[in-house]
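All remarks here apply to the structure that follows.
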Amino acid sequence: MQHPVGYVIQNGRAELASFVDVVTNPYGWNAFLHTVTGGWALGGFFVVGVSAWHLLRKQNIDFFTKSFRIGAGFALVFSLVVAAVGHRQGNIVAEVQPAKLAAMESHWDTQKNAPMYLFSLPDPENEKNSIEIGRIPSVLSLMAFNDPSAVVKGLKDFPKEDRPPVTLTFSAFRIMVGLGTAMLVLGILAFIARHQPAESSPRLLKLFIWAIPLPYLALQAGWAVAEVGRQPWIVYGIMRTKDAVSPIETSQVAISLAAFFVVYILLAALDIFLLAKYARSQPH
Amino acid sequence: MDLGTIWFILWGVLWAVYFILDGFDFGIGSIMPFFAKNDEEKRILYNAMGPFWDGNEVWLITAGGVTFAAFPRTYAVMFSALYTPLMLLLFALILRGVSFEFRSKIDSPGWRKIWDTCNFLGSFLPALLLGVAFANIFKGIPIDGEGILHGNLLTLLNPYGLAGGVLFVLLFAHHGALWLAYKSVGDVHDRAVALAGKLWPILAGVVVLFLVMSFAMTKLFTNYLVNPILFVILLIAVAGLLLTCKYRRDGRILASWGASAVLIGTTALFGVVGIFPALLPSSLNPAFSLTIENSSSTPLTLAIMLGVALVFVPVVIAYQIWTIRTFRHPVTKADLEYDEAY
């Protein structure tokens with residue numbers, strides 16, 4: 001639905017034209033690899049963090065040295081892979097979802113040699129960025145198309161009703177990349193420390209513990225980019241979200257949404273509580 | 001036979017198999033507060049369901065998934081018109097699933113009580129809601145030409161809907177008691193058999209009542225009267241009802257459970273065959289019904305799905321049989337000592 005393929009519109013609906021096209025959709029495969037490797041990196045950091053907690057307290061050093069080493073391998077390797085696959089995902093998005101790419105970077109004016117800014121503050125009302133600091137020429141073109149002189153379409157080239165919410169998409173993207181970079185650095189540190197992690201400085205071990213939530217936040221930020229950035233489309237370029245809404249009462253949706261919110265927050269709290277309890281316990 | 005009809009039959013079969021499988025763990029969960037005398041007995045009931053409930057619930061996803069892929073318009077109307085009961089069902093199932101995994105993680109009676117409540121609600125409510133939902137589907141629901149429901153949750157709680165709810169609760173409680181008997185020994189086993197025996201006459205009465213109400217309040221029998229050979233479905237259902245009682249009395253518990261499974265499956269198929277070729281009949285106007293013809297996917301999609309199903313459904317059945325065989329032994333007190341036990 002981000003990149004519909006293998007279909008034909010007839011009889012008032014989308015009908016399958018090519019099963020092969022659907023199951024080989026490059027958007028789908030790349031997104032799948034990006035989410036899966038992100039999950040593996042997260043797993044690596046989780047194991048590193050829990051191991052570090054025990055090593056800090058000099059508990060079961062042999063056991064947690066082994067687990068730290070395995071976790072460190074996953075954390076580093078898959079932080080690298082998720083970044084590489086993520087870059088490819090950016091290339092794909094630039095090609096088939098240019099409005100999303102423009103929103104991700106809060107890029108307003110179509111140009112070749114499009115620059116990237118280290119810091120921007122989007123001002124969507126006025127179709128510009130109110131602050132732009134740290135201009136790096138051609139980097140946006142390079143990142144999006146692997147070609148510094150490529151033309152990157154700006155948001156102003158899209159009708160207002162076809163633009164996604166810019167501030168949210170832009171912020172989520174920067175958070176994801178920032179956290180992903182932090183994960184790379186932490187992955188390297190963990191990998192270096194992997195043979196004798198019990199000998200690492202307490203400050204470093206504490207850093208690995210505090211790093212546990214970071215991949216979770218990165219994954220959530222990434223989903224926000226994917227799903228907010230695709231707006232206003234539910235089927236990209238073909239059907240708008242507002243045209244796909246079911247004919248049911250708003251109150252029904254509001255109540256079920258509130259219920260999901262409450263139930264999921266309760267379950268998350270319980271889950272974190274139990275995870276922490278079992279993470280702290282000794283292996284047997 | 002065209003692909004639409006083939007998938008209609010598979011759709012019916014998937015729902016029937018789902019009720020046969022999740023039916024027994026809904027049943028055990030529903031009887032738990034009344035049956036189990038202490039924590040140890042509760043744990044025996046949890047372990048009788050434990051290795052199976054998740055694989056059983058997967059058939060719900062399959063049935064829903066087939067509705068979505070083979071009959072997308074039916075899926076769209078069903079999940080909008082039945083939004084509230086389906087949402088309630090969903091939350092009940094979430095609470096049930098979590099209750100299995102969280103209950104034994106903290107050693108506190110208060111903690112266990114919370115999850116026991118969730119497990120009961122997550123077993124009883126789905127049984128009731130599925131019965132109400134399917135009875136209403138069999139009767140026809142007030143959907144218009146746009147697929148919009150002219151009514152609300154209370155509309156579904158009409159006498160026939162409620163009868164369906166009570167029927168499913170009883171079918172599953174009886175089915176669960178028999179599975180519990182199969183998976184237990186000693187006093188728990190004996191009381192489970194006795195409970196199945198107490199439930200049977202009530203169940204038999206409600207089955208007859210439901211059949212009579214189906215005749216009086218729905219158009220289900222039309223297909224049967226036109227094609228009397230289809231009455232064999234009802235004959236098999238009655239055979240299942242009678243045999244489950246006979247086998248239980250003979251001490252053949254697994255056979256009794258099998259007969260109960262036949263009863264549940266044929267009850268579901270009775271309704272599905274009765275509404276054919278509609279999947280979601282409209283009580284406002286037959287022209288508004290969702291049928292094979294107006295809601296199925298293209299022949300290409302149905303053909304690909306059939307190929308996929310012919311490969312993967314046997315795989316699912318195979319691993320399900322493997323699970324049932326691996327965990328065929330009764331749950332004893334000694335089993336509760338294992339770390340992995342529920």
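By convention here, the chains of the structure tokens are called A, B, ... in the order presented, each chain's residues are numbered starting at 1, and ligands are numbered starting at 1 in the order presented.
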
Q.
Residues of chain A within 12 Å of chain B, counting only C-alpha atoms, what are they? List them as an MDAnalysis selection string.
A. chainID A and resid 6:8 10:11 13:20 22 244:264 266:268 270:271 273:275 277:278 284

Q: With a distance cut-off of 9 Å and only C-alpha atoms, select the neighbouring residues of Leu279 (chain B), excluding the residue or stretch itself and same-chain residues fewer than 3 positions from it, and output the selection as a ChimeraX atom specification.
A: /B:8,71,74,137-138,272,275-276,289-292,295

Q: Would you mind listing what lies within 10 Å of Arg69 (chain A) as a count of residues only, with only C-alpha atoms counted and same-chain residues fewer than 4 positions away left out?
A: 17

Q.
Can you pull out the residues contacting Thr267 (chain B)? Cut-off 10 Å, using only C-alpha atoms, and skip same-chain residues under 2 positions away; I want them as number ranges by chain.
A. B: 16, 19, 167-168, 171, 207, 211, 233-234, 236-238, 261-265, 269-272

Write the residues you've just listed into a file as a PDB file, in the first residue's frame, and include C-alpha atoms for each of them.
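again15.pdb, written as the output of this step:
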```
ATOM      1  CA  ALA B  16     -16.101 -25.035  12.164  1.00  0.00           C
ATOM      2  CA  PHE B  19     -14.881 -23.573  17.102  1.00  0.00           C
ATOM      3  CA  LEU B 167     -25.672 -22.397  22.846  1.00  0.00           C
ATOM      4  CA  PHE B 168     -22.001 -21.626  22.197  1.00  0.00           C
ATOM      5  CA  LEU B 171     -21.243 -26.297  23.710  1.00  0.00           C
ATOM      6  CA  VAL B 207     -29.612 -27.556  20.851  1.00  0.00           C
ATOM      7  CA  LEU B 211     -33.045 -25.814  15.967  1.00  0.00           C
ATOM      8  CA  ILE B 233     -25.574 -32.493   8.355  1.00  0.00           C
ATOM      9  CA  LEU B 234     -28.256 -32.330  11.029  1.00  0.00           C
ATOM     10  CA  ILE B 236     -24.566 -36.128  11.980  1.00  0.00           C
ATOM     11  CA  ALA B 237     -25.012 -33.331  14.529  1.00  0.00           C
ATOM     12  CA  VAL B 238     -27.651 -35.317  16.390  1.00  0.00           C
ATOM     13  CA  ALA B 261     -16.237 -31.927  18.238  1.00  0.00           C
ATOM     14  CA  VAL B 262     -18.494 -33.363  15.540  1.00  0.00           C
ATOM     15  CA  LEU B 263     -21.499 -31.709  17.208  1.00  0.00           C
ATOM     16  CA  ILE B 264     -19.768 -28.311  17.276  1.00  0.00           C
ATOM     17  CA  GLY B 265     -18.491 -28.584  13.713  1.00  0.00           C
ATOM     18  CA  LEU B 269     -21.781 -25.997   9.117  1.00  0.00           C
ATOM     19  CA  PHE B 270     -25.575 -26.215   9.573  1.00  0.00           C
ATOM     20  CA  GLY B 271     -25.709 -22.434   9.689  1.00  0.00           C
ATOM     21  CA  VAL B 272     -23.152 -21.843   6.933  1.00  0.00           C
TER      22      VAL B 272
END
```

Q) What separation in Å, quoted to one decimal, exists between CA of Asp250 (chain B) and CA of Ile31 (chain B)? A)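 Going from CA of Asp250 (chain B) over to CA of Ile31 (chain B), I get 23.4 Å.
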
Q) Ser282 (chain B): which residues within 7 Å, counting only C-alpha atoms, same-chain residues fewer than 5 positions away excluded, as a ChimeraX atom specification? A) /B:140-143,288-289

Residues just named, written with N, CA, C and O atoms as a compact mmCIF listing (two decimals), in the first residue's frame:
```txt
# COMPACT_ATOMS: atom_id res chain seq x y z
N GLY B 140 -29.49 -13.21 9.63
CA GLY B 140 -29.47 -12.03 8.77
C GLY B 140 -29.44 -10.80 9.64
O GLY B 140 -30.16 -10.71 10.64
N ILE B 141 -28.58 -9.85 9.29
CA ILE B 141 -28.49 -8.63 10.10
C ILE B 141 -28.99 -7.44 9.28
O ILE B 141 -28.93 -7.45 8.06
N PRO B 142 -29.48 -6.41 9.96
CA PRO B 142 -30.09 -5.28 9.24
C PRO B 142 -29.06 -4.36 8.59
O PRO B 142 -28.85 -3.24 9.02
N ILE B 143 -28.44 -4.86 7.51
CA ILE B 143 -27.51 -4.00 6.76
C ILE B 143 -28.18 -3.54 5.48
O ILE B 143 -28.94 -4.29 4.86
N PHE B 288 -29.44 -6.73 -0.47
CA PHE B 288 -28.33 -6.11 0.24
C PHE B 288 -27.39 -7.15 0.85
O PHE B 288 -26.39 -6.79 1.47
N SER B 289 -27.71 -8.43 0.70
CA SER B 289 -26.86 -9.46 1.30
C SER B 289 -25.50 -9.51 0.63
O SER B 289 -25.38 -9.26 -0.57
```

Q) Quick one: residues within 8 Å of region 183-192 of chain B, only C-alpha atoms counted, chain neighbours fewer than 5 positions away excluded, as a ChimeraX atom specification? A) /B:41,44,48,177-178,328-332
